[in-house]
Each structure stands twice: as C-alpha cells, then as structure tokens.
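Below is target.txt, which holds compact mmCIF, C-alpha atoms and all ligand atoms.
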# COMPACT_ATOMS: atom_id res chain seq x y z
CA MET A 1 85.37 76.00 109.79
CA PRO A 2 87.53 79.00 108.75
CA ASN A 3 91.26 78.38 108.20
CA ALA A 4 93.58 79.20 111.12
CA PRO A 5 95.24 82.61 110.77
CA VAL A 6 98.66 82.59 109.09
CA HIS A 7 101.30 84.92 110.50
CA VAL A 8 103.00 87.14 107.91
CA THR A 9 105.97 89.32 108.85
CA VAL A 10 106.80 92.49 106.94
CA THR A 11 110.01 94.34 107.80
CA GLY A 12 110.42 98.01 106.97
CA ALA A 13 106.65 98.14 107.39
CA ALA A 14 106.44 101.93 107.69
CA GLY A 15 108.34 102.46 104.44
CA GLN A 16 107.04 103.15 100.96
CA ILE A 17 106.72 99.54 99.86
CA GLY A 18 105.24 98.58 103.22
CA TYR A 19 102.50 101.14 102.71
CA GLN A 20 101.60 99.60 99.35
CA LEU A 21 101.90 96.02 100.56
CA LEU A 22 100.20 95.71 103.93
CA PHE A 23 96.70 96.60 102.78
CA ARG A 24 96.85 94.09 99.98
CA ILE A 25 98.02 91.33 102.33
CA ALA A 26 95.28 92.22 104.82
CA SER A 27 92.64 92.13 102.08
CA GLY A 28 93.56 88.55 101.15
CA GLN A 29 95.57 89.10 98.00
CA LEU A 30 98.67 87.33 99.31
CA LEU A 31 97.27 84.13 100.79
CA GLY A 32 93.77 83.99 99.37
CA ALA A 33 90.26 84.97 100.38
CA ASP A 34 89.84 82.03 102.77
CA THR A 35 92.97 82.59 104.87
CA PRO A 36 92.95 85.06 107.77
CA VAL A 37 96.30 86.73 108.46
CA VAL A 38 98.10 88.12 111.48
CA LEU A 39 100.44 90.90 110.40
CA ARG A 40 103.72 91.11 112.29
CA LEU A 41 105.30 94.43 111.43
CA LEU A 42 108.95 95.17 112.14
CA GLU A 43 110.42 98.65 112.16
CA ILE A 44 113.38 100.39 113.71
CA GLU A 45 112.69 102.54 116.77
CA PRO A 46 112.67 105.94 114.95
CA ALA A 47 109.94 104.72 112.58
CA MET A 48 107.65 103.24 115.25
CA LYS A 49 105.47 106.33 115.42
CA ALA A 50 104.92 106.32 111.67
CA LEU A 51 104.13 102.61 111.93
CA GLU A 52 101.51 103.39 114.56
CA GLY A 53 99.75 105.54 111.96
CA VAL A 54 99.86 102.72 109.42
CA VAL A 55 98.37 100.35 112.01
CA MET A 56 95.55 102.85 112.65
CA GLU A 57 94.80 102.89 108.93
CA LEU A 58 94.83 99.08 108.78
CA ASP A 59 92.35 99.08 111.68
CA ASP A 60 90.21 101.61 109.87
CA CYS A 61 89.88 99.36 106.84
CA ALA A 62 88.05 96.78 108.97
CA PHE A 63 89.45 93.95 106.84
CA PRO A 64 87.49 90.80 107.72
CA LEU A 65 90.58 88.61 107.10
CA LEU A 66 92.90 90.61 109.36
CA ALA A 67 93.02 88.55 112.55
CA GLY A 68 95.63 90.63 114.38
CA ILE A 69 98.48 93.13 114.10
CA GLU A 70 101.73 93.11 116.06
CA ALA A 71 103.88 96.20 115.51
CA THR A 72 107.32 95.86 117.02
CA SER A 73 110.99 96.75 116.86
CA ASP A 74 111.93 93.43 118.48
CA LEU A 75 113.19 90.77 116.09
CA ASP A 76 111.99 87.83 118.21
CA VAL A 77 108.47 89.24 118.38
CA ALA A 78 108.46 90.07 114.68
CA PHE A 79 109.23 86.54 113.57
CA THR A 80 107.27 84.54 116.16
CA ASN A 81 105.31 81.78 114.44
CA THR A 82 105.64 83.47 111.05
CA SER A 83 104.98 81.45 107.90
CA TRP A 84 105.88 84.16 105.41
CA ALA A 85 108.63 86.66 106.20
CA LEU A 86 108.79 89.50 103.68
CA LEU A 87 112.08 91.27 104.32
CA VAL A 88 111.59 94.71 102.81
CA GLY A 89 113.48 97.05 105.17
CA SER A 90 117.10 97.58 104.26
CA ILE A 91 119.64 100.27 103.60
CA PRO A 92 119.80 100.81 99.84
CA ARG A 93 122.92 102.19 98.19
CA LYS A 94 123.45 105.91 98.66
CA ALA A 95 125.62 108.15 96.52
CA GLY A 96 129.30 107.50 97.13
CA MET A 97 128.74 104.18 98.89
CA GLU A 98 131.07 101.36 97.83
CA ARG A 99 129.66 97.87 97.37
CA GLY A 100 131.57 96.67 100.44
CA ASP A 101 130.04 99.42 102.63
CA LEU A 102 126.58 98.59 101.34
CA LEU A 103 126.99 94.88 102.02
CA SER A 104 128.47 95.54 105.44
CA VAL A 105 125.63 97.79 106.58
CA ASN A 106 123.04 95.34 105.29
CA GLY A 107 124.85 92.45 106.90
CA GLY A 108 124.09 94.17 110.18
CA ILE A 109 120.38 93.87 109.31
CA PHE A 110 120.10 90.51 107.55
CA LYS A 111 122.38 88.40 109.75
CA PRO A 112 120.34 88.96 112.94
CA GLN A 113 117.10 88.69 110.98
CA GLY A 114 118.19 85.28 109.63
CA GLN A 115 119.04 84.16 113.15
CA ALA A 116 115.72 85.44 114.51
CA ILE A 117 113.81 83.62 111.75
CA ALA A 118 115.57 80.35 112.59
CA LYS A 119 114.78 80.84 116.28
CA ASN A 120 111.16 81.99 116.13
CA ALA A 121 109.43 81.23 112.85
CA ALA A 122 106.85 78.53 112.11
CA SER A 123 108.21 75.22 110.81
CA ASP A 124 106.82 75.96 107.33
CA VAL A 125 108.41 79.44 107.09
CA ARG A 126 109.25 80.90 103.70
CA VAL A 127 111.24 84.07 103.27
CA LEU A 128 111.14 86.63 100.45
CA VAL A 129 113.84 89.31 100.48
CA VAL A 130 112.91 92.54 98.71
CA GLY A 131 115.37 94.96 100.38
CA ASN A 132 118.39 95.63 98.20
CA PRO A 133 120.86 94.26 97.37
CA CYS A 134 118.22 91.57 97.67
CA ASN A 135 120.08 88.52 96.34
CA THR A 136 123.02 88.91 98.67
CA ASN A 137 120.91 90.11 101.61
CA CYS A 138 118.97 86.86 101.17
CA LEU A 139 122.22 84.88 101.04
CA ILE A 140 123.32 86.48 104.33
CA ALA A 141 120.03 85.75 106.10
CA ARG A 142 119.88 82.20 104.72
CA GLU A 143 123.43 81.32 105.72
CA ASN A 144 122.69 82.54 109.23
CA ALA A 145 119.63 80.32 109.50
CA PRO A 146 120.93 76.85 108.55
CA GLU A 147 117.97 75.25 110.35
CA VAL A 148 115.62 76.60 107.67
CA PRO A 149 115.94 74.57 104.44
CA ALA A 150 117.67 76.44 101.62
CA ASP A 151 114.69 76.02 99.27
CA ARG A 152 112.54 78.28 101.48
CA TRP A 153 114.57 81.41 100.72
CA PHE A 154 113.71 83.74 97.87
CA ALA A 155 114.90 87.13 96.59
CA MET A 156 112.69 89.24 94.39
CA THR A 157 113.27 89.45 90.64
CA ARG A 158 109.57 89.44 89.78
CA LEU A 159 109.39 93.20 89.33
CA ASP A 160 112.00 92.84 86.59
CA GLU A 161 109.95 90.06 84.98
CA ASN A 162 106.83 92.20 85.04
CA ARG A 163 108.70 95.17 83.61
CA ALA A 164 110.16 93.01 80.84
CA LYS A 165 106.81 91.46 79.94
CA THR A 166 105.24 94.87 79.55
CA GLN A 167 108.04 96.10 77.29
CA LEU A 168 107.66 93.04 75.04
CA ALA A 169 103.87 93.28 75.00
CA LYS A 170 104.00 96.96 74.01
CA LYS A 171 106.52 96.32 71.26
CA ALA A 172 104.47 93.41 69.87
CA GLY A 173 101.15 95.24 70.31
CA VAL A 174 99.66 92.40 72.36
CA SER A 175 98.28 91.99 75.86
CA VAL A 176 100.82 91.43 78.61
CA ALA A 177 98.92 88.22 79.38
CA ASP A 178 100.20 86.82 76.06
CA VAL A 179 103.84 86.97 77.20
CA ALA A 180 105.07 83.86 79.01
CA GLN A 181 108.20 82.18 80.31
CA LEU A 182 110.11 85.40 80.75
CA ALA A 183 113.10 84.54 82.91
CA ILE A 184 115.22 87.01 84.81
CA TRP A 185 118.66 85.46 85.26
CA GLY A 186 121.06 86.37 88.03
CA ASN A 187 121.16 89.46 90.17
CA HIS A 188 118.40 92.02 90.75
CA SER A 189 120.74 94.76 89.54
CA ALA A 190 121.83 96.39 86.33
CA THR A 191 123.58 93.14 85.31
CA GLN A 192 120.40 91.04 85.31
CA PHE A 193 119.52 89.28 82.06
CA PRO A 194 115.86 89.48 81.01
CA ASP A 195 115.79 86.45 78.73
CA PHE A 196 113.70 87.33 75.71
CA SER A 197 115.19 84.37 73.80
CA ASN A 198 113.33 81.75 75.84
CA SER A 199 110.12 83.72 76.25
CA THR A 200 106.98 83.33 74.18
CA ILE A 201 104.31 85.65 72.86
CA ALA A 202 100.91 84.02 72.30
CA GLY A 203 102.68 80.65 72.27
CA LYS A 204 105.32 81.56 69.65
CA PRO A 205 108.99 82.32 70.35
CA THR A 206 109.34 86.05 71.05
CA THR A 207 112.10 86.25 68.44
CA GLU A 208 109.60 85.15 65.76
CA VAL A 209 107.09 87.80 66.80
CA ILE A 210 109.59 90.62 67.40
CA THR A 211 112.22 90.40 64.67
CA ASP A 212 114.00 93.62 65.65
CA THR A 213 117.02 91.87 67.19
CA ALA A 214 118.89 95.12 67.77
CA TRP A 215 116.00 96.31 69.96
CA LEU A 216 115.79 93.01 71.86
CA GLU A 217 119.52 92.91 72.54
CA GLY A 218 119.77 96.65 73.15
CA ASP A 219 116.99 98.97 74.30
CA PHE A 220 114.79 96.20 75.63
CA ILE A 221 117.43 94.92 78.03
CA THR A 222 118.67 98.33 79.13
CA THR A 223 115.12 99.62 79.67
CA VAL A 224 114.43 96.72 82.04
CA GLN A 225 117.81 96.96 83.75
CA LYS A 226 117.50 100.70 84.30
CA ARG A 227 113.78 100.96 84.96
CA GLY A 228 114.27 101.49 88.69
CA ALA A 229 116.55 104.46 88.04
CA ALA A 230 114.10 105.89 85.46
CA ILE A 231 111.31 105.78 88.04
CA ILE A 232 113.45 107.55 90.64
CA GLU A 233 114.31 110.17 88.03
CA ALA A 234 110.63 110.73 87.16
CA ARG A 235 108.97 110.34 90.55
CA GLY A 236 111.71 111.51 92.85
CA LEU A 237 111.13 108.28 94.78
CA SER A 238 111.87 104.65 94.02
CA SER A 239 109.23 102.24 92.77
CA ALA A 240 106.91 101.22 95.57
CA ALA A 241 103.46 100.21 94.29
CA SER A 242 104.92 98.09 91.50
CA ALA A 243 107.43 96.58 93.93
CA ALA A 244 104.66 95.66 96.39
CA ASN A 245 102.67 94.22 93.49
CA ALA A 246 105.66 92.11 92.47
CA ALA A 247 106.06 90.84 96.04
CA ILE A 248 102.44 89.69 95.99
CA ASP A 249 102.94 88.14 92.54
CA THR A 250 106.03 86.29 93.81
CA VAL A 251 104.25 84.71 96.75
CA VAL A 252 101.18 83.84 94.68
CA GLY A 253 103.48 82.42 91.99
CA LEU A 254 105.18 80.18 94.56
CA ARG A 255 101.90 79.06 96.16
CA THR A 256 100.04 78.20 92.99
CA LYS A 257 100.79 75.70 90.24
CA THR A 258 102.64 77.25 87.33
CA ALA A 259 100.79 76.89 84.03
CA PRO A 260 102.35 74.63 81.37
CA GLY A 261 104.64 76.65 79.09
CA ASP A 262 105.18 79.29 81.73
CA SER A 263 107.57 79.99 84.60
CA VAL A 264 107.97 82.57 87.35
CA SER A 265 111.11 84.55 88.08
CA VAL A 266 112.61 84.50 91.54
CA ALA A 267 116.13 84.23 92.91
CA VAL A 268 116.67 80.93 94.74
CA ALA A 269 119.61 79.10 96.28
CA SER A 270 121.42 77.62 93.32
CA ARG A 271 121.94 73.87 93.29
CA GLY A 272 124.24 74.31 90.31
CA GLU A 273 121.49 74.57 87.69
CA TYR A 274 122.69 75.84 84.30
CA GLY A 275 126.27 75.77 85.59
CA THR A 276 125.77 78.48 88.22
CA PRO A 277 127.93 78.25 91.34
CA GLU A 278 126.12 76.36 94.09
CA GLY A 279 124.74 78.40 96.94
CA LEU A 280 124.47 81.74 95.13
CA GLN A 281 121.02 83.32 95.50
CA PHE A 282 120.47 83.36 91.76
CA GLY A 283 117.58 84.53 89.61
CA PHE A 284 116.07 81.62 87.67
CA PRO A 285 112.80 80.75 85.97
CA ILE A 286 111.08 78.37 88.32
CA VAL A 287 108.03 76.17 88.15
CA ALA A 288 105.86 75.74 91.25
CA ASP A 289 103.91 72.53 91.88
CA GLY A 290 101.05 74.17 93.78
CA GLU A 291 101.90 72.28 96.98
CA GLY A 292 104.77 74.44 98.17
CA GLY A 293 107.44 72.75 96.06
CA TRP A 294 109.28 74.24 93.12
CA SER A 295 112.08 73.47 90.70
CA VAL A 296 114.18 75.44 88.27
CA LEU A 297 112.72 75.18 84.79
CA GLU A 298 114.92 72.75 82.89
CA GLY A 299 115.89 72.42 79.27
CA LEU A 300 116.34 76.04 78.19
CA SER A 301 119.23 76.80 75.89
CA HIS A 302 121.27 79.96 75.53
CA ASP A 303 123.18 81.37 72.60
CA GLU A 304 126.55 83.12 73.00
CA PHE A 305 124.88 86.49 73.65
CA ALA A 306 122.77 85.09 76.49
CA LYS A 307 125.68 83.06 77.89
CA ASP A 308 127.80 86.18 78.03
CA ARG A 309 125.06 88.12 79.85
CA ILE A 310 124.52 85.32 82.35
CA ALA A 311 128.28 85.08 82.94
CA LYS A 312 128.41 88.80 83.78
CA THR A 313 125.60 88.69 86.31
CA THR A 314 127.05 85.49 87.82
CA GLU A 315 130.40 87.20 88.19
CA GLU A 316 128.76 90.09 90.05
CA LEU A 317 127.00 87.75 92.48
CA VAL A 318 130.18 85.77 93.07
CA GLY A 319 131.93 89.07 93.86
CA GLU A 320 129.20 90.05 96.32
CA ARG A 321 129.50 86.66 98.02
CA GLU A 322 133.27 87.06 98.26
CA ASP A 323 132.73 90.47 99.86
CA VAL A 324 130.32 89.19 102.50
CA ARG A 325 132.59 86.22 103.18
CA GLY A 326 135.42 88.70 103.69
CA LEU A 327 133.23 90.55 106.17
CA GLY A 328 132.59 87.31 108.07
CA LEU A 329 128.83 87.50 107.37
CA VAL A 330 128.65 84.09 105.70
CA SER A 331 130.92 81.03 105.75
P1 LIG B 1 111.84 103.08 102.45
O1 LIG B 1 113.12 103.76 102.79
O2 LIG B 1 110.63 103.88 102.13
O3 LIG B 1 111.45 102.09 103.64
C1 LIG B 1 112.38 101.23 104.23
C2 LIG B 1 111.91 101.04 105.65
O4 LIG B 1 112.77 100.08 106.24
C3 LIG B 1 112.02 102.32 106.49
O5 LIG B 1 110.76 102.59 107.09
C4 LIG B 1 113.08 101.98 107.53
O6 LIG B 1 112.82 102.56 108.79
C5 LIG B 1 112.98 100.46 107.58
N1 LIG B 1 114.17 99.80 108.09
C6 LIG B 1 115.47 100.15 107.94
N2 LIG B 1 116.25 99.30 108.61
C7 LIG B 1 115.44 98.39 109.17
C8 LIG B 1 115.66 97.26 110.01
N3 LIG B 1 116.90 96.93 110.41
N4 LIG B 1 114.61 96.54 110.42
C9 LIG B 1 113.35 96.90 110.06
N5 LIG B 1 113.06 97.97 109.28
C10 LIG B 1 114.10 98.69 108.85
O7 LIG B 1 112.22 102.07 101.26
P2 LIG B 1 111.23 101.33 100.26
O8 LIG B 1 110.98 102.19 99.09
O9 LIG B 1 110.08 100.78 101.01
O10 LIG B 1 112.18 100.16 99.74
C11 LIG B 1 112.59 99.12 100.60
C12 LIG B 1 113.67 98.29 99.94
O11 LIG B 1 113.19 97.67 98.76
C13 LIG B 1 114.89 99.09 99.51
O12 LIG B 1 116.06 98.38 99.88
C14 LIG B 1 114.77 99.12 98.00
O13 LIG B 1 116.02 99.27 97.37
C15 LIG B 1 114.18 97.77 97.75
N6 LIG B 1 113.55 97.54 96.45
C16 LIG B 1 113.68 96.33 95.90
C17 LIG B 1 113.09 96.01 94.69
C18 LIG B 1 113.24 94.65 94.11
O14 LIG B 1 112.75 94.46 92.98
N7 LIG B 1 113.87 93.67 94.73
C19 LIG B 1 112.34 97.02 93.92
C20 LIG B 1 111.88 98.16 94.75
C21 LIG B 1 112.84 98.63 95.79
O15 LIG B 1 113.80 99.44 95.18

Could you write out this file's structure as structure tokens?
Amino acid sequence: MPNAPVHVTVTGAAGQIGYQLLFRIASGQLLGADTPVVLRLLEIEPAMKALEGVVMELDDCAFPLLAGIEATSDLDVAFTNTSWALLVGSIPRKAGMERGDLLSVNGGIFKPQGQAIAKNAASDVRVLVVGNPCNTNCLIARENAPEVPADRWFAMTRLDENRAKTQLAKKAGVSVADVAQLAIWGNHSATQFPDFSNSTIAGKPTTEVITDTAWLEGDFITTVQKRGAAIIEARGLSSAASAANAAIDTVVGLRTKTAPGDSVSVAVASRGEYGTPEGLQFGFPIVADGEGGWSVLEGLSHDEFAKDRIAKTTEELVGEREDVRGLGLVS
C-alpha cells in the first residue's frame, strides 16, 4: 500500500528559490522516496503566469511521486491540508529601506499567512520560513497562529551552517562530511554567530585542528556572515540553488534522527535556552529524535568572545521584535 500523499505548500513558488526547490520536492528529496506529494503553490497575481510555466515544467518531468499540483493566489487554498509550509516568498530589503519599513511590508505578508495556516493546515503542520528577514517573519506568522504549537515553527539558518562547514573543511583540508555540530546562533543576518568553538572536525574540537585563531575569529566569521552579499556581487542575483538545498536539508534534518555528536542549525521559538529571551525565533543547534520531536542541544559552553557575539545577535532580534510589536503585528 503506498503512503497517502502529503501536501506541501511553497510560497513565492515562481521565484528563484522556488524554481530550485519544487523539482527536488517532487522527486522525493524532501519527504523520501516512498511518500507522494501534492504541491500547493502560492504566488501573487502578477506572477501567476510565470507560475503556470513552472507547473508545465513540473508536469513535463512526469515525477511518479507527484500526486497533484494546486497553483493559486488564494491563501486558504494554498494552505488547505498542508503538512509542510515552506514560506519562501517575501519582500527582501531594498536599498534605502529602513528596518521598520522592511518589517512592516513583510508583516503584511506573514500575518495573513500565519492566520491562513492556523485556519486551513493539517493538524501535523510544520512551517519553515525562508523569506527574509526570516526569523522575524516566522515570529509574525507564529504569533498570528496561536493554534499551531510553537515548536512547529522554524526559520532557516541551515544555509549559514552549510556555508560555515565548507569554509572550515577547506581550511582544514578535509571533507565537509568531517565537520559536525556547527551551530548558527541567533539571527539569519550579518550578526549571526557561526560557532566554530563547539564544532568538531573528524571528532576533534575544531580549535585543535585549526589553530589559526585570528582566522577563526575574523575571516571565517565574516565570510559566512557576508556570503549572501558576495554571491549577489558575483552572480548579480541572490543565492537560490544553495538556499533551496538548505531548505531541503532543514526539513530532512528535522524529520530524521540526528547522529550522536552532531546537531542541525535552525531558528526555533526560544524557551529560554542558553539565556535567550523566550519567544524569540532564535537560531540554535538542535537535535531531532526522528519522530518529529526536537530539542535544543544542551551543555555547550561559550567563552567571552562567543558570549559577546551571541549577545549582539540577540540584541538585534529583540530590536526586530520590538519593531513588529510597535507595528501591532505581534502581541
Ligand atoms: P524572488 O524574488 O526570486 O522570488 C520571490 C517570489 O515571492 C516572487 O515570485 C514573488 O512574486 C513572490 N511573492 C512576493 N510576495 C508574495 C506573497 N505575499 N505571497 C506569495 N508569493 C509572494 O526571491 P528568491 O531569490 O526566491 O528569494 C526568496 C526569499 O528568500 C527572499 O526573501 C530572500 O531574501 C530569502 N532568502 C533567504 C535565505 C535564508 O537563508 N534564510 C537565503 C536565500 C534568500 O536570500
């Protein structure tokens, strides 16, 4: 007996990341080779024609696991019976935009999406926010969907983890598969802290393998923090394939049991772990139990350098929350 199809919603489906993501979901890379999917694709009216073209291409792949496609600009339709909502579409910061403007315009997207998820989604729904500023967009959606438990909401920091792992692997001259427990703390922004100090390379502390502390505390961190900007500079467009890949990695990382000695990075609703203010959508290393549950990895310690970095990114997220509270988007 084949599994029943699982409904997966992707917003901003006609965008760059959507184009890199949908085909991988339809081929089984998100939910596994034994789970058929129904894709529910949300776009704004002006992008519906482009979305039609993407749907034609999905049809033309003849994916055996693709059990249906619903392309819509209606929020209720987009989230009907969905078990995974990948919120990709958003309005990223444009030149000259203040943080308040950015949060206000995105509030107009993520507040109604949160409400529509609460109203229409399947009882097991999980939500991953990719659209920037993803932590606070996720906070807005979550706070407007109190019926959906707080531990089902995620914002994407996995691309930062993947970027950081590759930088460490290159520096150490090892395979990226040898790098583990690389936590991204805080905000998916230039204040994020890629925590080399708690990571390992082939089972040893990274700081024993890479002894160039100036590089770890300097170029390593800034390369990861500014990688998105470097890609825009080089490609003329923001990262899309690697972002879609990270979205897949995030969902797979949440679905499957985390290996001992490892963790996966994702921003979750803080329950006060490591002294972070409760309720912030905060990047942590988490450990998944393989049955849908997860917890923040406990027992890590931070030196003054790391504490200072984590304080800065916390401060930024607190400021964003104050801004969206001021705008009446969250309580
Ligand atoms: P694109 O501009 O190519 O696509 C965005 C799509 O969203 C467009 O097709 C647009 O019509 C649609 N859209 C806008 N408002 C919408 C709404 N209210 N409902 C449904 N769809 C809507 O951007 P793309 O390169 O795909 O990036 C999407 C988002 O991901 C951006 O906010 C970007 O900043 C963010 N990113 C997040 C990353 C992360 O690690 N968390 C990394 C990559 C990326 O920068």

Quiz item: Counting all atoms listed in the file, what residues are within 7 Å of ligand LIG 1 (chain B), given as a PyMOL selection string?
Solution: chain A and resi 11-18+42-44+47+88-92+109+130-134+155-160+188+228+238-240+243

Quiz prompt | Of the listed residues A:Ala78, A:Val10, A:Leu168, A:Ala121, that which approaches Ala244 in chain A most closely, counting all atoms listed in the file | solution =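 The closest residue to Ala244 in chain A is A:Val10.
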
Quiz item: Near Glu298 in chain A, within 9 Å and counting all atoms listed in the file, which residues show up once chain neighbours fewer than 4 positions away are dropped, as a list in words?
Solution: Glu273, Tyr274, Pro285 and Ile286 of chain A

Using C-alpha atoms, can you write the selected residues to a file as a CSV table (one decimal), in the coordinates of the input?
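Now in selection_13.csv:
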chain,number,residue,atom,x,y,z
A,273,GLU,CA,121.5,74.6,87.7
A,274,TYR,CA,122.7,75.8,84.3
A,285,PRO,CA,112.8,80.8,86.0
A,286,ILE,CA,111.1,78.4,88.3

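CA of Glu320 in chain A is found 22.2 Å from CA of Val148 in chain A.
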
Self-check item: Test item: residues at most 6 Å from Val268 in chain A, all atoms listed in the file, excluding those fewer than 3 positions along its chain, as a PyMOL selection string
Solution: chain A and resi 154+281-282

Quiz item: Hey, can you check how far CA of Val6 in chain A sits from CA of Val37 in chain A?
Solution: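 One can read the CA of Val6 in chain A to CA of Val37 in chain A distance as 4.8 Å.
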
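Computed from the coordinates, the CA of Gly253 in chain A to CA of Ser83 in chain A distance equals 16.0 Å.
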
For range 258-271 of chain A, supply N, CA and C atoms and format the output as a PDB file, in the frame of the given file.
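Saved result, part_22.pdb, follows:
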ATOM      1  N   THR A 258     102.275  76.476  88.517  1.00  0.00           N
ATOM      2  CA  THR A 258     102.640  77.250  87.330  1.00  0.00           C
ATOM      3  C   THR A 258     101.998  76.595  86.090  1.00  0.00           C
ATOM      4  N   ALA A 259     101.448  77.425  85.238  1.00  0.00           N
ATOM      5  CA  ALA A 259     100.790  76.890  84.030  1.00  0.00           C
ATOM      6  C   ALA A 259     101.825  76.262  83.096  1.00  0.00           C
ATOM      7  N   PRO A 260     101.419  75.220  82.346  1.00  0.00           N
ATOM      8  CA  PRO A 260     102.350  74.630  81.370  1.00  0.00           C
ATOM      9  C   PRO A 260     102.833  75.703  80.380  1.00  0.00           C
ATOM     10  N   GLY A 261     104.097  75.667  80.037  1.00  0.00           N
ATOM     11  CA  GLY A 261     104.640  76.650  79.090  1.00  0.00           C
ATOM     12  C   GLY A 261     104.986  77.980  79.729  1.00  0.00           C
ATOM     13  N   ASP A 262     104.849  78.041  81.047  1.00  0.00           N
ATOM     14  CA  ASP A 262     105.180  79.290  81.730  1.00  0.00           C
ATOM     15  C   ASP A 262     106.189  79.015  82.847  1.00  0.00           C
ATOM     16  N   SER A 263     106.658  80.085  83.454  1.00  0.00           N
ATOM     17  CA  SER A 263     107.570  79.990  84.600  1.00  0.00           C
ATOM     18  C   SER A 263     107.403  81.276  85.375  1.00  0.00           C
ATOM     19  N   VAL A 264     107.964  81.315  86.589  1.00  0.00           N
ATOM     20  CA  VAL A 264     107.970  82.570  87.350  1.00  0.00           C
ATOM     21  C   VAL A 264     109.408  82.870  87.749  1.00  0.00           C
ATOM     22  N   SER A 265     109.739  84.169  87.764  1.00  0.00           N
ATOM     23  CA  SER A 265     111.110  84.550  88.080  1.00  0.00           C
ATOM     24  C   SER A 265     111.257  84.823  89.561  1.00  0.00           C
ATOM     25  N   VAL A 266     112.276  84.236  90.140  1.00  0.00           N
ATOM     26  CA  VAL A 266     112.610  84.500  91.540  1.00  0.00           C
ATOM     27  C   VAL A 266     114.048  84.012  91.743  1.00  0.00           C
ATOM     28  N   ALA A 267     114.764  84.676  92.647  1.00  0.00           N
ATOM     29  CA  ALA A 267     116.130  84.230  92.910  1.00  0.00           C
ATOM     30  C   ALA A 267     116.102  83.207  94.041  1.00  0.00           C
ATOM     31  N   VAL A 268     116.678  82.035  93.768  1.00  0.00           N
ATOM     32  CA  VAL A 268     116.670  80.930  94.740  1.00  0.00           C
ATOM     33  C   VAL A 268     118.104  80.464  94.973  1.00  0.00           C
ATOM     34  N   ALA A 269     118.275  79.631  95.991  1.00  0.00           N
ATOM     35  CA  ALA A 269     119.610  79.100  96.280  1.00  0.00           C
ATOM     36  C   ALA A 269     120.001  78.123  95.187  1.00  0.00           C
ATOM     37  N   SER A 270     121.031  78.468  94.452  1.00  0.00           N
ATOM     38  CA  SER A 270     121.420  77.620  93.320  1.00  0.00           C
ATOM     39  C   SER A 270     121.902  76.256  93.781  1.00  0.00           C
ATOM     40  N   ARG A 271     121.421  75.226  93.068  1.00  0.00           N
ATOM     41  CA  ARG A 271     121.940  73.870  93.290  1.00  0.00           C
ATOM     42  C   ARG A 271     122.834  73.498  92.110  1.00  0.00           C
TER      43      ARG A 271
END
